Amino acid sequence: MKENIVIIGGGIAGMEAANQLLQLGYLPIIVEQTDHLGGHVAQWHKLFPDMSSSQEIVSNLKERIKDAHVHLETKVKGINSLGNRYNIMLNNGINIVTKAVLMSTGFSLFDASKKEEYGYGVYDHVITNGDLEAWFNGKTDKRIPPQPKAIGFVHCVGSRDLKAGNSQCSKVCCTTAIKQAIEIKERFPDTEVYCFYMDLRLFGKKYEDFYIQAQRDFGVHFIRGRVSEVGETLDGLVQVKAEDTLVGKPLKVTLDLLVLMSGMVCNSQVTPLAEMLRLEIDDDDFLKSKDNVYGIIESNRAGIFYAGACTGTKTIPETVSEARAAALCIHNYLKNNF
Amino acid sequence: MTDFGFTLTKSSTINFDSLDNHLYKRLCTIEPDAQICMSCGSCSATCTAAPFSGMSVRKVILGLQRGQDVRPLLSNCMLCGKCTMVCPRAINTRHLLLTLYRIYD
Amino acid sequence: MISQGKQKIWSDYQKEIPDDHWYYVRSCIRQNFFPASEKMFTEITKKVLHKDLYETPHHTTCGGIAYHCDTIPQETAMTIVARQFALMTEAGYENYVPSCITSFGNYAEILETWHEFPELEAKIREDLWKACRREFNKPKYLAHSSDLIFHWRNEIAAKAKHHLVNKETGEPLKIVEHIGCHYAKMFPHKGVGGAEYPYVLAGMIDSWGGQVIDYPERRHCCGYGFRQYHVKANRSYSISNTWKKFESMEPYHPDAIITNCPGCPYFLDRWQYVIAEQTGKTYGENGFGIPVLTYEELAGLVLGYNPWDLGLQLHQVAVEPLLDKIGIEYDPKAKYVGLNQEDLLRPELPSSLKCF
């Protein structure tokens, strides 16, 4: 009989770990609180920097983990330690005994309505990066006009923002904004697109090329200055104020649509789990790794491992790499301790 | 008109809604690389004319994007080509400036 | 505009406002600018709503205006404020209501500073004792007088003689609400509705039948800014900010503006004359300006008080077009008759802005 490994969170981190664990001869059991696998990636449209399909990643992973057990719309109700094992109780009445648990609980998108000055939920044409992806995927959205003349993207919404309680850079939003700006330009070539940024943090492979492409091939305007205030005009359009910090003057512009690049915060459902498992929470509210250089995927408790954005903001390639590494760490942990 | 000893001041805010950047757009059709400037300032730092005249290719490009008349800046350029040598984005700044002279003519 | 979105934010910024027993302190300047406003507040509170409102002639400036002009340090303002609190304590009150927005901000800032730095509070207590042998309790509740009118807005609506509705068309009047900067920008949680979408005046407009105008420069300062106006050389900056607001609200054709700050109604009102003199432009209908009222004046009109008893003849912008729209009767001949029936004489009329 195959050894159970419980994976909490069925996003791409949990799925990729399950994929690897299956190949190592284990039976991964994924506990996912929503009704679908793939987490945020399943809701996304295309991925930077190659404009590859996010649906394809999720469907390939699903195919590969067919032999894993998956509990959708299921939550962990309680956890007991039994010596060096854990007894995981699910809210569907199932109890699972496991020697190792993988936390792949991921992130939540920052609630953009908390930045009241941007008027998300108040003004008619203010949406988030998540809303725009849903629209790219075919969902109707009345806030997005059929023939927009000008669209703005606000970087760092809830990121690098001490007042919002988040000092961290969310890493992916700069490149996501560039990707979404290009997707908008592909659909509406005559639309003026403005990206309002503080710094452009394009650290990953091909990200800088992606930026150059947005500038030269798509004519996206990059304005260095954080949007400070948003209002609505008589026509229901969005009026934005920022400082053009390169020119050194305030600027204003009227837009048909404003897209807020909501950052990543730790999944809000993680706190009760962390309490049950006595896992440490870091001062950025993400799960605290044993070490931020060499031990990102290890927790403060034996047999509990981390993968993906539960420990901090991550890109997809980083998440996938951590999932693979975590599977190997779990394999070695079981081999050496039991 | 009553003299109050003070008057209304025009706002320094750049209004993107009424921006006239047609010269910039024309420049971009001839010199698409004008768009990939990332305002690093290498050109201005090395510019022979900059310390004495305020000349800066960065400011020229930015000024055009914001609909400003950049001719006073342009006239200070000595076409030495140092800015082209240092540009990390490999913009042919010298060529770009010459194109701009032609557009203004 | 998504009204549910605003309502959600308003529900996040509720403020506990006791219904009765308030210690009232007046503003340094309001009685000169809009002389009946504070009188109207005491009238509504005591005579109309039968609440207990106490004031003492011993109270002084709170020091806020000098503090914001950078002419006294905050510790001096704190000692002045400590004395005000001592007067409240001696009178047996614990709910403190200032009429001035900058006072409200000053009190809020000082209470917050004392909360963060108790040793400073101890020092101020000692200084006050040395200076005038007084001791004080901090107020249990601090509210601005507009918070109280907001709190009682529905009681006022129930007694209303007039509503903010155009008598001819039956349409609600379009009203701009302007909030003093020191009301909530420093401490959003101390203002009704917060700082981005304050509800304190919007709630009154809603409750009295009007329609709130939300225009792009709604949050912008009126431009007064203390030193920016007090120094004549800076007035160009002051008026230009006011101008910016008028340009932004113009397309909405507001019928009136209401404010809750001493300076804002003054500058929004008087600068319309200066703008008209300098540019020839007026922002109301037919060459008039947009009438600017304090919330007490508006409450007074709603409750049926005589406009001339509310001091509306002291406004630069003629209020008659607003009175006509609501259907408030007034005697044009009585406009410049004083309380003692003395003739107040007629002001010189501006060249561009239409006035009576």
# chains A, B, ... in the order shown; residues from 1 in each chain; ligands from 1
$ interface_residues --of "chain C" --to "chain A" --cutoff "12 Å" --atoms "only C-alpha atoms" --output "mmCIF file with C-alpha atoms, in the first residue's frame"
data_model
loop_
_atom_site.group_PDB
_atom_site.id
_atom_site.type_symbol
_atom_site.label_atom_id
_atom_site.label_comp_id
_atom_site.auth_asym_id
_atom_site.auth_seq_id
_atom_site.Cartn_x
_atom_site.Cartn_y
_atom_site.Cartn_z
ATOM 1 C CA MET C 1 -20.674 55.899 -9.124
ATOM 2 C CA ILE C 2 -21.612 52.790 -7.185
ATOM 3 C CA SER C 3 -23.575 53.948 -4.133
ATOM 4 C CA GLN C 4 -23.335 50.591 -2.327
ATOM 5 C CA GLY C 5 -19.540 50.931 -2.467
ATOM 6 C CA LYS C 6 -19.712 54.234 -0.620
ATOM 7 C CA GLN C 7 -22.208 52.846 1.863
ATOM 8 C CA LYS C 8 -19.804 50.026 2.651
ATOM 9 C CA ILE C 9 -17.016 52.513 3.371
ATOM 10 C CA TRP C 10 -19.385 54.648 5.462
ATOM 11 C CA ASP C 12 -16.560 51.144 8.278
ATOM 12 C CA LYS C 185 -7.550 63.881 6.714
ATOM 13 C CA PRO C 188 -9.835 59.229 9.133
ATOM 14 C CA GLY C 193 -17.563 58.264 6.876
ATOM 15 C CA GLY C 194 -13.747 58.570 6.935
ATOM 16 C CA ALA C 195 -11.529 60.887 4.939
ATOM 17 C CA GLU C 196 -11.934 59.756 1.324
ATOM 18 C CA TYR C 197 -15.738 59.738 1.205
ATOM 19 C CA PRO C 198 -16.876 61.657 4.302
ATOM 20 C CA ILE C 213 -22.528 66.058 -6.077
ATOM 21 C CA ASP C 214 -19.287 64.083 -6.226
ATOM 22 C CA TYR C 215 -16.895 65.853 -8.611
ATOM 23 C CA PRO C 216 -13.223 65.047 -9.310
ATOM 24 C CA GLU C 217 -11.709 67.770 -7.099
ATOM 25 C CA ARG C 218 -14.090 67.101 -4.216
ATOM 26 C CA ARG C 219 -11.285 66.229 -1.794
ATOM 27 C CA HIS C 220 -9.182 69.244 -2.733
ATOM 28 C CA SER C 248 -14.069 70.956 -11.574
ATOM 29 C CA MET C 249 -17.584 71.303 -10.123
ATOM 30 C CA GLU C 250 -18.874 73.636 -12.874
ATOM 31 C CA PRO C 251 -20.177 70.918 -15.269
ATOM 32 C CA TYR C 252 -22.443 69.545 -12.513
ATOM 33 C CA HIS C 253 -24.311 72.899 -12.145
#
$ interface_residues --of "chain C" --to "chain B" --cutoff "6 Å" --atoms "only C-alpha atoms" --output "ChimeraX atom specification"
/C:236,240,277
$ write_last_selection --atoms "C-alpha atoms" --output "PDB file, in the first residue's frame"
ATOM      1  CA  SER C 236      -2.595  83.973  -5.645  1.00  0.00           C
ATOM      2  CA  SER C 240      -5.951  79.386  -7.567  1.00  0.00           C
ATOM      3  CA  GLU C 277     -13.558  90.342 -11.195  1.00  0.00           C
TER       4      GLU C 277
END
$ residues_around --residues "B:His22" --least-positions-apart "4" --cutoff "12 Å" --atoms "only C-alpha atoms" --output "list in words"
Ser18, Arg26, Leu27, Cys28, Thr29, Leu64, Gln65, Arg66, Gly67, Gln68, Asp69, Ile103 and Tyr104 of chain B
$ closest_residue --among "B:Thr84, B:Ser44, B:Ser75, B:Gln35" --to "B:Leu100" --atoms "only C-alpha atoms"
B:Ser75
$ interface_residues --of "chain B" --to "chain A" --cutoff "8 Å" --atoms "only C-alpha atoms" --output "PDB file with N, CA and C atoms, in the first residue's frame"
ATOM      1  N   SER B  12       0.434  74.136 -12.721  1.00  0.00           N
ATOM      2  CA  SER B  12       1.571  73.536 -13.423  1.00  0.00           C
ATOM      3  C   SER B  12       1.288  72.077 -13.789  1.00  0.00           C
ATOM      4  N   THR B  13       0.109  71.582 -13.403  1.00  0.00           N
ATOM      5  CA  THR B  13      -0.240  70.188 -13.692  1.00  0.00           C
ATOM      6  C   THR B  13      -0.193  69.915 -15.193  1.00  0.00           C
ATOM      7  N   ILE B  14       0.451  68.808 -15.554  1.00  0.00           N
ATOM      8  CA  ILE B  14       0.448  68.392 -16.951  1.00  0.00           C
ATOM      9  C   ILE B  14      -0.869  67.671 -17.197  1.00  0.00           C
ATOM     10  N   ASN B  15      -1.665  68.191 -18.113  1.00  0.00           N
ATOM     11  CA  ASN B  15      -2.949  67.562 -18.397  1.00  0.00           C
ATOM     12  C   ASN B  15      -2.809  66.660 -19.614  1.00  0.00           C
ATOM     13  N   PHE B  16      -2.787  65.366 -19.379  1.00  0.00           N
ATOM     14  CA  PHE B  16      -2.595  64.412 -20.473  1.00  0.00           C
ATOM     15  C   PHE B  16      -3.764  64.411 -21.451  1.00  0.00           C
ATOM     16  N   ASP B  17      -4.923  64.914 -20.997  1.00  0.00           N
ATOM     17  CA  ASP B  17      -6.092  64.909 -21.891  1.00  0.00           C
ATOM     18  C   ASP B  17      -5.904  65.884 -23.054  1.00  0.00           C
ATOM     19  N   PRO B  32      11.706  54.536 -33.995  1.00  0.00           N
ATOM     20  CA  PRO B  32      10.929  53.794 -32.985  1.00  0.00           C
ATOM     21  C   PRO B  32      11.680  53.622 -31.658  1.00  0.00           C
ATOM     22  N   ASP B  33      13.010  53.680 -31.714  1.00  0.00           N
ATOM     23  CA  ASP B  33      13.783  53.488 -30.484  1.00  0.00           C
ATOM     24  C   ASP B  33      13.600  54.628 -29.474  1.00  0.00           C
ATOM     25  N   GLN B  35      11.094  55.285 -28.149  1.00  0.00           N
ATOM     26  CA  GLN B  35      10.143  54.770 -27.146  1.00  0.00           C
ATOM     27  C   GLN B  35      10.793  53.906 -26.079  1.00  0.00           C
ATOM     28  N   ILE B  36      12.025  53.419 -26.330  1.00  0.00           N
ATOM     29  CA  ILE B  36      12.592  52.489 -25.349  1.00  0.00           C
ATOM     30  C   ILE B  36      13.524  53.179 -24.360  1.00  0.00           C
ATOM     31  N   SER B  39      14.943  56.577 -19.258  1.00  0.00           N
ATOM     32  CA  SER B  39      15.270  57.734 -18.416  1.00  0.00           C
ATOM     33  C   SER B  39      16.382  57.447 -17.414  1.00  0.00           C
ATOM     34  N   LEU B  62      11.603  63.093 -23.120  1.00  0.00           N
ATOM     35  CA  LEU B  62      10.522  63.269 -22.147  1.00  0.00           C
ATOM     36  C   LEU B  62       9.681  64.516 -22.471  1.00  0.00           C
TER      37      LEU B  62
END
$ residues_around --residues "A:Ala42" --least-positions-apart "6" --cutoff "12 Å" --atoms "only C-alpha atoms" --output "PyMOL selection string"
chain A and resi 10-12+15+34-36+53-62+130+133-134+137
$ select_by_dssp --residues "stretch 50-159 of chain C" --states "alpha helix (DSSP H)" --output "MDAnalysis selection string"
chainID C and resid 64:68 74:91 101:116 118:132 145:151 153:158
$ select_by_dssp --residues "stretch 21-266 of chain A" --states "strand (DSSP E or B)" --output "count of residues only"
85
$ closest_residue --among "A:Ile5, A:Leu37, A:Met89, A:Val97" --to "A:Leu72" --atoms "only C-alpha atoms"
A:Leu37
$ atom_distance --atom1 "atom CA of A:Arg324" --atom2 "atom CA of A:Ala18"
9.0 Å
$ decode --residues "stretch 292-310 of chain A" --atoms "N, CA and C atoms" --output "PDB file, in the first residue's frame"
ATOM      1  N   ASN A 292      15.544  31.925   5.351  1.00  0.00           N
ATOM      2  CA  ASN A 292      15.129  32.589   4.109  1.00  0.00           C
ATOM      3  C   ASN A 292      16.110  32.422   2.959  1.00  0.00           C
ATOM      4  N   VAL A 293      17.230  31.758   3.215  1.00  0.00           N
ATOM      5  CA  VAL A 293      18.194  31.543   2.132  1.00  0.00           C
ATOM      6  C   VAL A 293      18.240  30.062   1.749  1.00  0.00           C
ATOM      7  N   TYR A 294      18.426  29.215   2.770  1.00  0.00           N
ATOM      8  CA  TYR A 294      18.679  27.804   2.480  1.00  0.00           C
ATOM      9  C   TYR A 294      17.475  26.924   2.840  1.00  0.00           C
ATOM     10  N   GLY A 295      16.537  27.481   3.619  1.00  0.00           N
ATOM     11  CA  GLY A 295      15.464  26.618   4.099  1.00  0.00           C
ATOM     12  C   GLY A 295      14.071  27.148   3.853  1.00  0.00           C
ATOM     13  N   ILE A 296      13.838  27.747   2.667  1.00  0.00           N
ATOM     14  CA  ILE A 296      12.534  28.341   2.360  1.00  0.00           C
ATOM     15  C   ILE A 296      11.399  27.322   2.491  1.00  0.00           C
ATOM     16  N   ILE A 297      11.640  26.085   2.066  1.00  0.00           N
ATOM     17  CA  ILE A 297      10.519  25.129   2.023  1.00  0.00           C
ATOM     18  C   ILE A 297      10.377  24.340   3.323  1.00  0.00           C
ATOM     19  N   GLU A 298      11.243  24.636   4.315  1.00  0.00           N
ATOM     20  CA  GLU A 298      11.132  23.916   5.587  1.00  0.00           C
ATOM     21  C   GLU A 298      10.422  24.789   6.620  1.00  0.00           C
ATOM     22  N   SER A 299       9.623  24.139   7.491  1.00  0.00           N
ATOM     23  CA  SER A 299       8.938  24.876   8.547  1.00  0.00           C
ATOM     24  C   SER A 299       9.673  24.670   9.860  1.00  0.00           C
ATOM     25  N   ASN A 300       9.116  25.231  10.938  1.00  0.00           N
ATOM     26  CA  ASN A 300       9.716  25.014  12.253  1.00  0.00           C
ATOM     27  C   ASN A 300       9.329  23.662  12.846  1.00  0.00           C
ATOM     28  N   ARG A 301       8.487  22.876  12.132  1.00  0.00           N
ATOM     29  CA  ARG A 301       8.064  21.573  12.668  1.00  0.00           C
ATOM     30  C   ARG A 301       8.478  20.443  11.740  1.00  0.00           C
ATOM     31  N   ALA A 302       8.939  19.346  12.360  1.00  0.00           N
ATOM     32  CA  ALA A 302       9.369  18.182  11.576  1.00  0.00           C
ATOM     33  C   ALA A 302       8.178  17.624  10.807  1.00  0.00           C
ATOM     34  N   GLY A 303       8.394  17.316   9.557  1.00  0.00           N
ATOM     35  CA  GLY A 303       7.345  16.685   8.759  1.00  0.00           C
ATOM     36  C   GLY A 303       6.398  17.652   8.084  1.00  0.00           C
ATOM     37  N   ILE A 304       6.570  18.941   8.323  1.00  0.00           N
ATOM     38  CA  ILE A 304       5.705  19.915   7.638  1.00  0.00           C
ATOM     39  C   ILE A 304       6.559  20.786   6.715  1.00  0.00           C
ATOM     40  N   PHE A 305       6.171  20.816   5.464  1.00  0.00           N
ATOM     41  CA  PHE A 305       6.959  21.496   4.429  1.00  0.00           C
ATOM     42  C   PHE A 305       6.113  22.559   3.731  1.00  0.00           C
ATOM     43  N   TYR A 306       6.816  23.493   3.093  1.00  0.00           N
ATOM     44  CA  TYR A 306       6.152  24.591   2.392  1.00  0.00           C
ATOM     45  C   TYR A 306       6.505  24.566   0.901  1.00  0.00           C
ATOM     46  N   ALA A 307       5.557  24.998   0.072  1.00  0.00           N
ATOM     47  CA  ALA A 307       5.874  25.242  -1.338  1.00  0.00           C
ATOM     48  C   ALA A 307       5.035  26.404  -1.846  1.00  0.00           C
ATOM     49  N   GLY A 308       5.650  27.285  -2.584  1.00  0.00           N
ATOM     50  CA  GLY A 308       4.908  28.356  -3.262  1.00  0.00           C
ATOM     51  C   GLY A 308       4.681  29.576  -2.397  1.00  0.00           C
ATOM     52  N   ALA A 309       3.601  30.294  -2.727  1.00  0.00           N
ATOM     53  CA  ALA A 309       3.391  31.644  -2.195  1.00  0.00           C
ATOM     54  C   ALA A 309       2.904  31.673  -0.753  1.00  0.00           C
ATOM     55  N   CYS A 310       2.846  30.501  -0.073  1.00  0.00           N
ATOM     56  CA  CYS A 310       2.464  30.558   1.345  1.00  0.00           C
ATOM     57  C   CYS A 310       3.574  31.188   2.181  1.00  0.00           C
TER      58      CYS A 310
END
